[in-house]
Structures are given as structure tokens and as C-alpha cells.
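For reference, work06.cif (mmCIF, C-alpha atoms):
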```cif
data_start
#
loop_
_atom_site.label_atom_id
_atom_site.label_comp_id
_atom_site.auth_asym_id
_atom_site.auth_seq_id
_atom_site.Cartn_x
_atom_site.Cartn_y
_atom_site.Cartn_z
CA MET A 170 0.00 0.00 0.00
CA GLY A 171 1.16 3.52 -0.79
CA VAL A 172 1.49 6.26 1.77
CA GLU A 173 -1.61 8.39 2.15
CA ARG A 174 -0.93 11.96 1.05
CA ILE A 175 -4.06 13.24 2.81
CA LYS A 176 -5.30 12.23 6.23
CA ALA A 177 -8.47 13.27 8.03
CA GLY A 178 -9.73 12.68 11.54
CA ILE A 179 -13.00 13.63 13.18
CA GLY A 180 -14.06 14.20 16.75
CA TYR A 181 -17.18 15.44 18.48
CA SER A 182 -18.40 16.07 21.99
CA ARG A 183 -21.67 16.63 23.85
CA ARG A 184 -19.99 17.96 27.00
CA ARG A 185 -21.95 20.78 28.62
CA ILE A 186 -18.90 22.91 29.39
CA SER A 187 -17.90 24.54 26.11
CA GLY A 188 -14.14 24.53 26.62
CA GLU A 189 -14.16 20.87 27.62
CA ALA A 190 -16.27 19.99 24.57
CA GLY A 191 -13.85 21.76 22.26
CA CYS A 192 -10.88 20.05 23.86
CA GLU A 193 -12.45 16.58 23.68
CA ALA A 194 -13.52 16.90 20.05
CA ALA A 195 -10.14 18.26 18.94
CA ARG A 196 -8.25 15.60 20.87
CA GLN A 197 -10.24 12.82 19.20
CA ALA A 198 -9.60 14.25 15.74
CA CYS A 199 -5.87 14.83 16.28
CA ALA A 200 -5.39 11.33 17.65
CA GLN A 201 -6.15 10.07 14.14
CA VAL A 202 -3.86 12.40 12.15
CA GLY A 203 -1.39 14.16 14.42
CA LYS A 204 -0.96 17.90 13.99
CA PRO A 205 -3.44 19.13 11.37
CA VAL A 206 -2.79 21.52 8.51
CA LEU A 207 -6.38 22.75 8.70
CA THR A 208 -9.04 22.41 11.38
CA VAL A 209 -12.74 22.64 10.50
CA LEU A 210 -14.83 23.49 13.56
CA PHE A 211 -18.61 23.18 13.86
CA THR A 212 -20.55 24.39 16.90
CA THR A 213 -24.12 24.92 18.03
CA GLU A 214 -25.55 28.13 19.42
CA GLU A 215 -25.57 27.42 23.17
CA CYS A 216 -21.77 27.08 23.16
CA ASP A 217 -19.45 29.75 24.43
CA GLN A 218 -17.97 30.19 20.97
CA ALA A 219 -14.78 31.92 22.08
CA ALA A 220 -14.07 29.27 24.74
CA VAL A 221 -14.54 26.47 22.22
CA LEU A 222 -12.27 28.15 19.68
CA LEU A 223 -9.53 28.76 22.25
CA GLN A 224 -9.47 25.14 23.42
CA VAL A 225 -9.57 23.73 19.88
CA LEU A 226 -6.63 25.90 18.83
CA GLU A 227 -4.66 24.92 21.91
CA GLU A 228 -5.34 21.22 21.43
CA THR A 229 -4.66 21.09 17.68
CA ARG A 230 -1.72 23.53 17.71
CA CYS A 231 -3.07 24.36 14.26
CA THR A 232 -2.33 27.68 12.60
CA ARG A 233 -5.27 27.46 10.19
CA LEU A 234 -8.89 27.01 11.25
CA VAL A 235 -12.29 27.75 9.77
CA GLY A 236 -15.52 27.33 11.68
CA ALA A 237 -19.25 27.90 11.75
CA CYS A 238 -22.20 27.69 14.12
CA GLY A 239 -25.31 25.87 12.91
CA ALA A 240 -28.49 24.15 14.03
CA GLY A 241 -26.83 20.77 14.50
CA ILE A 242 -23.69 18.78 13.75
CA VAL A 243 -23.89 15.71 11.50
CA THR A 244 -21.68 12.90 12.82
CA PRO A 245 -21.36 9.13 12.25
CA GLU A 246 -23.42 8.63 15.43
CA GLY A 247 -26.23 10.98 14.41
CA VAL A 248 -26.99 14.67 14.70
CA LEU A 249 -25.73 16.59 17.73
CA ARG A 250 -28.29 19.28 18.52
CA GLU A 251 -25.87 20.63 21.12
CA GLY A 252 -22.15 20.14 20.93
CA VAL A 253 -18.89 20.60 19.07
CA GLY A 254 -17.48 18.83 16.01
CA VAL A 255 -13.95 18.94 14.61
CA LEU A 256 -12.48 17.68 11.35
CA ALA A 257 -8.66 17.71 11.32
CA LEU A 258 -6.99 17.64 7.92
CA ALA A 259 -3.31 16.72 7.59
CA GLY A 260 -0.82 15.77 4.91
CA GLU A 261 0.17 17.33 1.60
CA VAL A 262 -2.49 20.02 1.67
CA GLU A 263 -2.06 23.77 1.29
CA THR A 264 -4.50 26.05 3.07
CA ALA A 265 -5.31 29.69 3.72
CA THR A 266 -8.10 31.26 5.76
CA ALA A 267 -9.87 34.60 5.87
CA LEU A 268 -12.48 36.31 8.04
CA VAL A 269 -14.04 39.54 6.76
CA ALA A 270 -16.94 41.69 7.90
CA PHE A 271 -20.07 41.32 5.77
CA ALA A 272 -20.80 44.83 4.50
CA PRO A 273 -24.58 44.79 3.84
CA ASP A 274 -24.41 47.63 1.34
CA GLU A 275 -21.41 46.14 -0.47
CA PRO A 276 -22.01 42.38 -0.78
CA GLU A 277 -19.97 41.94 -3.97
CA ALA A 278 -17.11 43.97 -2.51
CA THR A 279 -17.26 41.74 0.58
CA GLY A 280 -16.82 38.68 -1.62
CA ARG A 281 -13.96 40.26 -3.51
CA ARG A 282 -12.18 41.18 -0.28
CA LEU A 283 -12.60 37.62 0.92
CA GLY A 284 -11.18 36.17 -2.29
CA GLU A 285 -8.26 38.58 -2.39
CA SER A 286 -7.36 37.75 1.21
CA LEU A 287 -7.36 34.01 0.45
CA LEU A 288 -5.32 34.28 -2.75
CA SER A 289 -2.79 36.63 -1.17
CA ALA A 290 -1.95 33.90 1.35
CA SER A 291 -1.70 31.05 -1.15
CA SER A 292 0.11 30.32 -4.40
CA ALA A 293 -2.18 27.42 -5.32
CA PRO A 294 -3.58 27.58 -8.87
CA GLU A 295 -6.69 25.54 -8.07
CA GLY A 296 -8.61 23.90 -5.27
CA ALA A 297 -11.72 24.55 -3.21
CA VAL A 298 -12.99 27.39 -1.06
CA VAL A 299 -15.09 26.39 1.95
CA VAL A 300 -17.17 29.44 2.84
CA PHE A 301 -19.43 30.22 5.80
CA PRO A 302 -21.44 33.46 5.46
CA ASP A 303 -23.71 34.89 8.12
CA GLY A 304 -26.96 33.14 7.23
CA LEU A 305 -28.98 36.19 8.27
CA ALA A 306 -27.07 38.56 5.99
CA GLY A 307 -28.60 40.06 2.89
CA ASN A 308 -27.44 39.45 -0.66
CA ILE A 309 -25.32 36.38 0.03
CA ALA A 310 -25.67 35.42 -3.63
CA GLU A 311 -24.06 38.73 -4.61
CA MET A 312 -21.26 38.15 -2.11
CA LEU A 313 -20.58 34.79 -3.76
CA ARG A 314 -20.52 36.50 -7.14
CA GLY A 315 -17.81 38.83 -5.89
CA LEU A 316 -15.84 35.90 -4.45
CA TYR A 317 -16.09 34.02 -7.75
CA ASP A 318 -14.97 37.08 -9.71
CA VAL A 319 -11.69 36.92 -7.79
CA VAL A 320 -10.97 33.19 -7.35
CA GLY A 321 -12.43 32.10 -10.69
CA PRO A 322 -13.60 28.67 -11.92
CA ASP A 323 -10.44 26.83 -10.81
CA PHE A 324 -11.66 27.03 -7.20
CA ARG A 325 -14.95 25.31 -6.37
CA CYS A 326 -16.89 27.20 -3.69
CA ILE A 327 -18.82 25.10 -1.17
CA GLY A 328 -20.26 25.68 2.28
CA GLY A 329 -23.31 26.90 4.12
CA GLY A 330 -24.95 29.77 5.94
CA THR A 331 -24.37 29.96 9.69
CA GLY A 332 -27.40 30.11 11.97
CA ASP A 333 -28.79 30.17 15.49
CA ASN A 334 -31.34 27.35 15.42
CA LEU A 335 -34.25 29.33 13.96
CA ARG A 336 -34.23 32.24 16.40
CA PHE A 337 -32.85 34.52 13.65
CA THR A 338 -30.98 36.85 15.99
CA GLU A 339 -27.20 36.23 15.76
CA THR A 340 -24.82 33.84 14.04
CA TYR A 341 -21.12 33.07 14.41
CA GLN A 342 -18.23 32.63 11.98
CA MET A 343 -14.69 31.65 13.00
CA THR A 344 -11.09 31.38 11.92
CA GLU A 345 -7.90 31.20 13.94
CA ALA A 346 -8.17 35.00 14.11
CA GLY A 347 -11.23 34.80 16.37
CA VAL A 348 -15.04 34.61 16.51
CA ALA A 349 -17.19 37.08 14.57
CA SER A 350 -20.82 37.81 13.79
CA ASN A 351 -22.14 39.58 10.69
CA ALA A 352 -19.11 38.23 8.84
CA VAL A 353 -18.00 35.54 6.40
CA ALA A 354 -15.30 32.97 7.15
CA ALA A 355 -13.55 30.89 4.51
CA ALA A 356 -10.73 28.45 3.94
CA LEU A 357 -8.90 27.76 0.70
CA ILE A 358 -7.90 24.11 0.36
CA ALA A 359 -5.46 22.98 -2.33
CA GLY A 360 -3.53 19.78 -2.96
CA CYS A 361 -6.52 17.45 -3.01
CA SER A 362 -9.29 16.82 -5.50
CA PHE A 363 -12.91 17.47 -4.61
CA GLY A 364 -16.04 15.65 -5.69
CA LEU A 365 -19.24 17.64 -5.30
CA GLY A 366 -22.91 16.78 -5.21
CA VAL A 367 -25.82 19.19 -4.75
CA GLY A 368 -29.58 18.73 -4.96
CA HIS A 369 -32.89 19.14 -3.16
CA GLY A 370 -35.80 17.06 -4.51
CA TRP A 371 -38.56 19.67 -4.81
CA LYS A 372 -40.73 19.64 -7.94
CA PRO A 373 -42.83 22.45 -9.50
CA VAL A 374 -46.59 22.26 -9.31
CA GLY A 375 -49.05 24.39 -11.29
CA PRO A 376 -48.42 27.19 -13.78
CA PRO A 377 -45.59 29.69 -13.34
CA LEU A 378 -45.83 32.90 -11.34
CA ILE A 379 -44.24 36.21 -12.22
CA ILE A 380 -42.60 38.09 -9.35
CA THR A 381 -43.94 41.48 -10.42
CA ARG A 382 -42.72 43.45 -7.40
CA ALA A 383 -39.98 42.50 -4.95
CA ARG A 384 -37.27 44.14 -2.95
CA ASP A 385 -34.49 42.41 -1.05
CA LYS A 386 -36.08 39.45 0.79
CA VAL A 387 -39.70 40.58 0.37
CA ILE A 388 -42.10 39.71 -2.46
CA TYR A 389 -44.88 42.28 -2.64
CA GLU A 390 -46.67 41.09 -5.75
CA LEU A 391 -47.07 37.87 -7.70
CA ASP A 392 -48.80 38.23 -11.07
CA GLU A 393 -49.47 41.90 -10.15
CA ARG A 394 -51.52 40.92 -7.10
CA PRO A 395 -50.65 40.84 -3.37
CA ALA A 396 -48.19 38.01 -2.91
CA PHE A 397 -49.85 36.21 0.00
CA ALA A 398 -53.28 36.27 -1.66
CA VAL A 399 -51.88 34.59 -4.78
CA TYR A 400 -49.86 32.08 -2.76
CA ALA A 401 -52.85 31.17 -0.57
CA GLN A 402 -55.15 30.82 -3.56
CA ARG A 403 -52.75 28.43 -5.28
CA LEU A 404 -52.93 26.18 -2.22
CA GLY A 405 -56.72 26.20 -2.12
CA GLY A 406 -56.99 28.91 0.53
CA ILE A 407 -54.97 29.02 3.75
CA ASP A 408 -55.17 31.10 6.90
CA VAL A 409 -52.30 33.50 7.45
CA GLU A 410 -51.67 31.88 10.84
CA ARG A 411 -50.79 28.62 9.09
CA PHE A 412 -48.41 30.25 6.63
CA PRO A 413 -45.19 29.05 8.33
CA GLU A 414 -46.40 25.44 8.06
CA TYR A 415 -47.33 25.78 4.38
CA GLY A 416 -44.30 27.88 3.55
CA MET A 417 -41.99 25.17 4.86
CA ARG A 418 -43.61 22.57 2.61
CA HIS A 419 -44.23 24.77 -0.44
CA PRO A 420 -41.26 27.02 -1.17
CA LEU A 421 -40.76 28.88 -4.42
CA GLY A 422 -38.49 27.60 -7.16
CA ILE A 423 -36.72 29.75 -9.75
CA ALA A 424 -35.48 27.86 -12.81
CA ASP A 425 -32.12 28.52 -14.43
CA ALA A 426 -31.33 28.22 -18.14
CA SER A 427 -30.86 24.45 -17.79
CA GLY A 428 -34.21 23.93 -16.08
CA ARG A 429 -32.72 23.30 -12.63
CA PHE A 430 -34.44 25.01 -9.73
CA ILE A 431 -32.97 27.26 -7.07
CA ILE A 432 -35.27 27.09 -4.03
CA ARG A 433 -36.31 30.19 -2.12
CA ASP A 434 -37.80 29.58 1.31
CA PRO A 435 -40.79 31.64 2.56
CA LEU A 436 -40.38 32.81 6.14
CA LEU A 437 -43.50 34.79 7.09
CA ALA A 438 -46.58 36.52 5.75
CA ARG A 439 -46.48 40.25 6.51
CA PRO A 440 -49.51 42.38 7.51
CA ASP A 441 -49.39 44.27 4.19
CA GLY A 442 -49.97 41.07 2.21
CA SER A 443 -46.34 40.59 1.19
CA ILE A 444 -44.20 37.51 1.82
CA GLN A 445 -40.80 37.65 3.45
CA LEU A 446 -38.27 35.05 2.31
CA VAL A 447 -35.08 33.71 3.83
CA THR A 448 -33.13 34.80 0.74
CA GLU A 449 -33.53 37.49 -1.91
CA VAL A 450 -35.27 36.94 -5.24
CA PRO A 451 -34.91 39.09 -8.35
CA PRO A 452 -37.95 41.10 -9.51
CA ARG A 453 -39.56 39.98 -12.77
CA ALA A 454 -38.26 36.45 -12.25
CA VAL A 455 -40.44 33.46 -13.12
CA ALA A 456 -41.17 31.34 -10.07
CA TYR A 457 -43.06 28.12 -9.39
CA LEU A 458 -44.78 26.82 -6.31
CA MET A 459 -42.89 23.68 -5.28
CA GLU A 460 -43.91 20.49 -3.55
CA TYR A 461 -42.13 17.38 -2.33
CA GLU A 462 -42.52 13.69 -1.64
CA THR A 463 -40.41 12.13 1.06
CA GLU A 464 -39.20 9.32 -1.19
CA GLU A 465 -38.06 11.84 -3.79
CA LEU A 466 -36.06 13.78 -1.19
CA LEU A 467 -34.41 10.54 -0.11
CA ARG A 468 -33.69 9.51 -3.70
CA VAL A 469 -32.00 12.84 -4.35
CA THR A 470 -30.05 12.48 -1.10
CA ARG A 471 -28.56 9.21 -2.37
CA GLU A 472 -27.87 10.77 -5.77
CA VAL A 473 -26.03 13.72 -4.23
CA VAL A 474 -23.68 11.43 -2.27
CA ALA A 475 -23.14 9.16 -5.28
CA ALA A 476 -22.32 12.12 -7.52
CA ALA A 477 -19.68 13.37 -5.09
CA LYS A 478 -18.14 9.90 -4.61
CA GLY A 479 -17.99 9.30 -8.34
CA GLN A 480 -15.68 12.27 -8.88
CA VAL A 481 -12.90 11.21 -6.48
CA ARG A 482 -10.55 8.27 -7.05
CA LYS A 483 -9.43 7.89 -3.42
CA PRO A 484 -11.87 9.56 -1.01
CA ARG A 485 -10.29 10.69 2.26
CA PHE A 486 -12.95 12.84 3.95
CA ALA A 487 -16.35 14.44 3.41
CA LEU A 488 -18.03 17.68 4.43
CA ILE A 489 -21.83 17.81 4.53
CA PHE A 490 -24.04 20.90 4.45
CA HIS A 491 -27.71 20.02 4.92
CA CYS A 492 -30.49 22.59 5.15
CA VAL A 493 -32.02 22.51 8.62
CA SER A 494 -35.49 22.85 7.09
CA ARG A 495 -34.97 19.95 4.66
CA SER A 496 -33.60 17.83 7.48
CA SER A 497 -36.60 18.66 9.68
CA LEU A 498 -39.09 17.72 6.96
CA LEU A 499 -37.52 14.29 6.63
CA GLY A 500 -37.66 13.90 10.42
CA CYS A 501 -35.92 11.61 12.89
CA GLU A 502 -32.55 12.13 11.20
CA VAL A 503 -33.67 9.98 8.27
CA GLY A 504 -31.81 12.09 5.74
CA GLU A 505 -28.61 12.02 7.76
CA ARG A 506 -28.87 8.23 8.14
CA ILE A 507 -29.16 7.88 4.36
CA ILE A 508 -26.09 10.11 3.94
CA ARG A 509 -24.09 7.97 6.37
CA GLU A 510 -25.11 4.75 4.64
CA ALA A 511 -24.32 6.13 1.19
CA LEU A 512 -20.89 7.40 2.25
CA GLY A 513 -19.94 4.09 3.83
CA GLU A 514 -17.79 3.44 6.87
CA SER A 515 -14.43 4.14 5.24
CA ILE A 516 -14.89 7.91 4.70
CA PRO A 517 -14.57 10.13 7.80
CA PHE A 518 -17.09 12.96 7.60
CA LEU A 519 -18.52 15.88 9.50
CA GLY A 520 -21.50 18.02 8.61
CA LEU A 521 -23.53 21.04 9.63
CA LEU A 522 -27.26 21.79 9.53
CA THR A 523 -27.16 25.07 7.65
CA PHE A 524 -29.22 28.16 6.83
CA GLY A 525 -28.68 28.19 3.09
CA GLU A 526 -26.17 26.09 1.18
CA VAL A 527 -23.30 27.12 -1.11
CA ALA A 528 -22.43 25.08 -4.20
CA PRO A 529 -22.31 25.49 -7.98
CA TYR A 530 -24.49 23.65 -10.44
CA ASP A 531 -21.79 24.31 -13.03
CA ASP A 532 -18.92 26.72 -12.26
CA ALA A 533 -20.23 29.81 -10.44
CA PRO A 534 -21.32 29.26 -6.82
CA LEU A 535 -25.01 29.64 -5.99
CA PHE A 536 -26.80 30.19 -2.71
CA HIS A 537 -29.43 27.49 -2.27
CA ASN A 538 -32.28 26.95 0.18
CA LYS A 539 -33.64 23.54 1.22
CA ALA A 540 -30.70 21.74 -0.38
CA LEU A 541 -28.06 19.16 0.43
CA VAL A 542 -24.40 19.68 -0.47
CA VAL A 543 -21.84 16.89 -0.11
CA ALA A 544 -18.15 17.60 -0.81
CA ILE A 545 -15.68 14.71 -0.77
CA GLY A 546 -11.98 15.45 -0.68
CA GLY A 547 -9.38 12.94 -1.76
CA GLU A 548 -6.50 12.00 -3.98
#
```

Target format C-alpha cells, applied to this file:
Amino acid sequence: MGVERIKAGIGYSRRRISGEAGCEAARQACAQVGKPVLTVLFTTEECDQAAVLLQVLEETRCTRLVGACGAGIVTPEGVLREGVGVLALAGEVETATALVAFAPDEPEATGRRLGESLLSASSAPEGAVVVFPDGLAGNIAEMLRGLYDVVGPDFRCIGGGTGDNLRFTETYQMTEAGVASNAVAAALIAGCSFGLGVGHGWKPVGPPLIITRARDKVIYELDERPAFAVYAQRLGGIDVERFPEYGMRHPLGIADASGRFIIRDPLLARPDGSIQLVTEVPPRAVAYLMEYETEELLRVTREVVAAAKGQVRKPRFALIFHCVSRSSLLGCEVGERIIREALGESIPFLGLLTFGEVAPYDDAPLFHNKALVVAIGGE
């Protein structure tokens, strides 16, 4: 057998004291690989984020770290709703990290600053960029456009939006430089190949809708009528009090030139008859009401993992970014169990329940809702 050029170890902890949890998770991961070149850190919101980061850095002695807080951590033993997860990456890998403030009025400039910071610290001609934006920020898609303008198609951008378990108040992003909110953290990884799968499983139902008036994350009119009235009528009439329930199961889908849908998740019905979304939509776009069947979501879950595995000759590790809403609809960690089974026991992995997912369909990165992204790194 040849020597492995890339090694990965994972660790996770449910300890109630944040520092101890960080230490335990990092110690487990490092026991499998030694001193890592890059540490990927996932946390949940009840943690003392700074205490976790400090202990992980001390335990790994790692100079490069990227981290994010989400609604849960996907591990081989299931989803940790509270805890800390660490993936330690070692071997012939080159990395760089960056943490920049998310300027709400300059999303593209934010992305460009992020890309320039990463490239200035690396000479790698290609690789991947793992990116964790504030999931509550506006215009994340535009930020990704700015990032892509700088790093270009030779770097595949993957990741997910950070969150606070559906309270929508504050999120956390991390590198070795510290813990931030209202920011975007990223790591450039070069020296290994990446296989990528992305999908959701929602299907359009009924005729298209025209978004005739929208601004930022709010749709005011569909087909030149109040947005909620049109949405409710399409579903046979619903009370505004039940909108969150229906919105979770019937998001909007916007088709690209290839007929693939980007999902946009409704969040709430506003008193003026408009609908607030989790993510922006462009005005004058054509949208469809979407629906799902559980078996279709599970089929797509298997396809996403298979697509990622099929692109890597020698898989060494996997990162998973699964929408917290999609995961909740499947219930009882069914989706995560399917992911574990499809990956197999030989690939160490760690994942995060995210608030929006980052992955390209082709080259340019997109910001998805209700999606699953699986990235497998290897040789």
C-alpha cells in the first residue's frame, strides 16, 4: 500500500462545558492524524464560541482554522443538537483562511475582499474554497458572485450559511483570528481533489408565477396581485396563521437556463400582504410553487452522495451541508442516516445543519435553500 498523502480525523463532543467539549472533540480528531494543517470546527448556538475556539486551537496547535455555528452537527453517530465537532486535515495540503466583515451595502465587494485575502496567502492555482457566510445577511448570492470574480472557476466554492437554530438573531463565523458575527469565514484548500454533489428534490406544481414586485427578501406582488393572496389561492386557501407550516412545505423555485431550480424559502406573511423570504429573489423572475414527496427527497439524497463519490478516485474525507429545514421535513434524522449509509464506513465525515447552502451547479457558486451539499476530498 502507498502512503496516504491526505489524512483526516473527526471528533465530536456533547460535553456541557464549552471549553471541555472543544478540547475533547479536537483531541479525538488529532489522535487520528497528528498535527493538522487545517481544522474545520462546527458548533451549536448554546456554546461559548470563544471558549470552544480557544481550546480547539490549543489542542490542535493548528495555525489554520475555519468554523461555523449551525443548528446541529452531522456525525457518524447521528446529529448533535448541542455540541462541538472537529475535522482535522493533515498531509500534503495547502490552506489559507480569511475572516471579513459582511458589509450589507457592499455584498460583492465583501466577496472580492474575501477572495483577495485568500489568494494573497496562497500560491495554489486551483482547489476549493469552503465558505461560511452569516446566514442572516442580505445578498449572500451577490457576495458569492464577488468571491467568484476573484478566485475564478479553478476554485470550487462550497459551504453553508451559519445560523442560530431558527431564532434569527445572531450567528457566528470563525477562523484562527477569532469569533465574529455579521461576517463571512472561509478556507482555501489545495492539494486534493474534490467531488461535489448538490440537490434538493422539490418539484414544481401548477403554472408559473411572475414576481412582479420584490425588494431584497420581500415579495410584494405575484402576477401583479398581493403576494400572499396569490400564494394562498394556489394552495386552495390558507389562513395566514398557518403560513409558516405551508411555507416550509411549499417554497418557491426559480429555474435557471438548464431547467434546474434554485429554491427560495418563505419565512413569514407580513400584515401588508407581502411575503418575506429567507433569501432574496430578483424582480420579474419566473417562479413556481414547489412540492415534495419524502421518497423523492431521499432519492435525491442518495444521488447527491453518489455524484460526489464518483468524482474522487481515493476519497479521504467528506463535508456535509444540509439545510435545517430539509432535514426537519424528513424527520428523525432519516436524511442524515441515508447520507451515512451512502458514504460508507471508510470515509470520515462531518457536517452542519445550515441556513442556506453554497455550491455550484456548473462553475459559479449559488446560494441554495432547502438543499443538500456533499463535498468529498481525496486524492

Run the PyMOL selection byres ((chain A and resi 395) around 10) against the file shown and list the residues it catches, as a ChimeraX atom specification. /A:381-382,388-394,396-400,441-444

Output file for the residues above (C-alpha atoms, as a PDB file, in the frame of the given file):
```
ATOM      1  CA  THR A 381     -43.940  41.480 -10.420  1.00  0.00           C
ATOM      2  CA  ARG A 382     -42.720  43.450  -7.400  1.00  0.00           C
ATOM      3  CA  ILE A 388     -42.100  39.710  -2.460  1.00  0.00           C
ATOM      4  CA  TYR A 389     -44.880  42.280  -2.640  1.00  0.00           C
ATOM      5  CA  GLU A 390     -46.670  41.090  -5.750  1.00  0.00           C
ATOM      6  CA  LEU A 391     -47.070  37.870  -7.700  1.00  0.00           C
ATOM      7  CA  ASP A 392     -48.800  38.230 -11.070  1.00  0.00           C
ATOM      8  CA  GLU A 393     -49.470  41.900 -10.150  1.00  0.00           C
ATOM      9  CA  ARG A 394     -51.520  40.920  -7.100  1.00  0.00           C
ATOM     10  CA  ALA A 396     -48.190  38.010  -2.910  1.00  0.00           C
ATOM     11  CA  PHE A 397     -49.850  36.210   0.000  1.00  0.00           C
ATOM     12  CA  ALA A 398     -53.280  36.270  -1.660  1.00  0.00           C
ATOM     13  CA  VAL A 399     -51.880  34.590  -4.780  1.00  0.00           C
ATOM     14  CA  TYR A 400     -49.860  32.080  -2.760  1.00  0.00           C
ATOM     15  CA  ASP A 441     -49.390  44.270   4.190  1.00  0.00           C
ATOM     16  CA  GLY A 442     -49.970  41.070   2.210  1.00  0.00           C
ATOM     17  CA  SER A 443     -46.340  40.590   1.190  1.00  0.00           C
ATOM     18  CA  ILE A 444     -44.200  37.510   1.820  1.00  0.00           C
TER      19      ILE A 444
END
```

Let me know the residues the PyMOL selection byres ((chain A and resi 385) around 7) catches in the file above, as an NGL selection string. :A and (383-384 or 386-387 or 449-450)

Selection from above, C-alpha atoms, as a compact mmCIF listing (two decimals), in the coordinates of the input, can you write it?
```txt
# COMPACT_ATOMS: atom_id res chain seq x y z
CA ALA A 383 -39.98 42.50 -4.95
CA ARG A 384 -37.27 44.14 -2.95
CA LYS A 386 -36.08 39.45 0.79
CA VAL A 387 -39.70 40.58 0.37
CA GLU A 449 -33.53 37.49 -1.91
CA VAL A 450 -35.27 36.94 -5.24
```

Within 7 Å of segment 494-497 of chain A using all atoms listed in the file, minus same-chain residues under 3 positions, as a PDB file with C-alpha atoms, in the frame of the given file:
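Final output, part.pdb:
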```pdb
ATOM      1  CA  HIS A 491     -27.710  20.020   4.920  1.00  0.00           C
ATOM      2  CA  GLY A 500     -37.660  13.900  10.420  1.00  0.00           C
ATOM      3  CA  GLU A 502     -32.550  12.130  11.200  1.00  0.00           C
ATOM      4  CA  GLY A 504     -31.810  12.090   5.740  1.00  0.00           C
ATOM      5  CA  LYS A 539     -33.640  23.540   1.220  1.00  0.00           C
ATOM      6  CA  ALA A 540     -30.700  21.740  -0.380  1.00  0.00           C
TER       7      ALA A 540
END
```

Just to confirm, what's the straight-line distance from atom CA of Gly307 of chain A to atom CA of Gly241 of chain A in Å (one decimal)? 22.6 Å

Convert the output of the PyMOL selection byres ((chain A and resi 237) around 8) on the shown file into explicit residues, formatted as a ChimeraX atom specification. /A:210-212,235-236,238-239,301,331,341-343,354

May I have the selected residues written with C-alpha atoms, as a short mmCIF file (atom, residue, chain, number, x, y, z; two decimals), in the frame of the given file?
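And here's again.cif as it stands now:
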```
data_model
loop_
_atom_site.label_atom_id
_atom_site.label_comp_id
_atom_site.auth_asym_id
_atom_site.auth_seq_id
_atom_site.Cartn_x
_atom_site.Cartn_y
_atom_site.Cartn_z
CA LEU A 210 -14.83 23.49 13.56
CA PHE A 211 -18.61 23.18 13.86
CA THR A 212 -20.55 24.39 16.90
CA VAL A 235 -12.29 27.75 9.77
CA GLY A 236 -15.52 27.33 11.68
CA CYS A 238 -22.20 27.69 14.12
CA GLY A 239 -25.31 25.87 12.91
CA PHE A 301 -19.43 30.22 5.80
CA THR A 331 -24.37 29.96 9.69
CA TYR A 341 -21.12 33.07 14.41
CA GLN A 342 -18.23 32.63 11.98
CA MET A 343 -14.69 31.65 13.00
CA ALA A 354 -15.30 32.97 7.15
#
```

For a test of reading the model, state the distance in Å between atom CA of Gly252 of chain A and atom CA of Ser182 of chain A, rounded to one decimal. 5.6 Å

Computed interatomic separation between atom CA of Val221 of chain A and atom CA of Ile186 of chain A (Å):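 It comes out at 9.1 Å.
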
A:Glu464, A:Asp217, A:Glu173, A:Glu345 ranked by distance to Thr266 of chain A, top pick (using only C-alpha atoms):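 Distance minimum relative to Thr266 of chain A lands on A:Glu345.
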
In terms of the shortest atom-to-atom distance over only C-alpha atoms, which of A:Phe486, A:Phe412, A:Tyr530, A:Phe524 is closest to Thr448 of chain A? A:Phe524

I need the residue nearest Lys478 of chain A from this list: A:Leu458, A:Ile407, A:Ile309, A:Leu365. Use all atoms listed in the file for the distance.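 Ranked by minimum distance to Lys478 of chain A, first place goes to A:Leu365.
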
Can you list, as a VMD selection string, every protein, DNA or RNA residue that comes within 12 Å of Glu339 of chain A when you count all atoms listed in the file, leaving out same-chain residues fewer than 2 positions away? chain A and resid 213 to 215 238 to 239 303 to 306 330 to 337 341 to 342 349 to 352

Where is the centre and how long are the edges: axis-aligned box on segment 506-519 of chain A, 6 Å on each side, Å to one decimal, as lines of an AutoDock Vina configuration file:
```
center_x = -21.8
center_y = 9.7
center_z = 5.3
size_x = 26.7
size_y = 24.4
size_z = 20.3
```

For segment 282-287 of chain A: contacts at 10 Å, only C-alpha atoms, fewer than 2 positions along chain excluded, given as a PyMOL selection string: chain A and resi 264-271+276-280+289-292+298+300+312-313+315-321+353-358

Counting all atoms listed in the file, figure out which residue out of A:Ala401, A:Ile432, A:Leu498, A:Val481 gets nearest to Glu526 of chain A.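 Result for the nearest residue to Glu526 of chain A: A:Ile432.
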
Between A:Pro534, A:Gly546, A:Gly416, A:Pro376, which residue has the minimum interatomic distance to Phe324 of chain A, considering all atoms listed in the file?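 Between A:Pro534, A:Gly546, A:Gly416, A:Pro376, the residue approaching Phe324 of chain A most closely is A:Pro534.
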
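Proximity ranking of A:Gln445, A:Thr523, A:Gln218, A:Thr208 relative to Cys231 of chain A places A:Thr208 first, based on only C-alpha atoms.
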
Excluding Pro484 of chain A and its own-chain neighbours fewer than 5 positions away, which residues fall within 7 Å of it when counting all atoms listed in the file? Please give them as a PDB file with C-alpha atoms, in the frame of the given file.
```pdb
ATOM      1  CA  ILE A 516     -14.890   7.910   4.700  1.00  0.00           C
ATOM      2  CA  ILE A 545     -15.680  14.710  -0.770  1.00  0.00           C
ATOM      3  CA  GLY A 546     -11.980  15.450  -0.680  1.00  0.00           C
ATOM      4  CA  GLY A 547      -9.380  12.940  -1.760  1.00  0.00           C
ATOM      5  CA  GLU A 548      -6.500  12.000  -3.980  1.00  0.00           C
TER       6      GLU A 548
END
```

As an MDAnalysis selection string, please: the residues near Arg506 of chain A (cut-off 10 Å, only C-alpha atoms, same-chain neighbours under 3 positions excluded). chainID A and resid 243:248 501:503 509:512

Could the residues in this selection be saved with C-alpha atoms as an mmCIF file, in the coordinates of the input?
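File written: part-v2.cif
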```
data_model
loop_
_atom_site.group_PDB
_atom_site.id
_atom_site.type_symbol
_atom_site.label_atom_id
_atom_site.label_comp_id
_atom_site.auth_asym_id
_atom_site.auth_seq_id
_atom_site.Cartn_x
_atom_site.Cartn_y
_atom_site.Cartn_z
ATOM 1 C CA VAL A 243 -23.890 15.710 11.500
ATOM 2 C CA THR A 244 -21.680 12.900 12.820
ATOM 3 C CA PRO A 245 -21.360 9.130 12.250
ATOM 4 C CA GLU A 246 -23.420 8.630 15.430
ATOM 5 C CA GLY A 247 -26.230 10.980 14.410
ATOM 6 C CA VAL A 248 -26.990 14.670 14.700
ATOM 7 C CA CYS A 501 -35.920 11.610 12.890
ATOM 8 C CA GLU A 502 -32.550 12.130 11.200
ATOM 9 C CA VAL A 503 -33.670 9.980 8.270
ATOM 10 C CA ARG A 509 -24.090 7.970 6.370
ATOM 11 C CA GLU A 510 -25.110 4.750 4.640
ATOM 12 C CA ALA A 511 -24.320 6.130 1.190
ATOM 13 C CA LEU A 512 -20.890 7.400 2.250
#
```
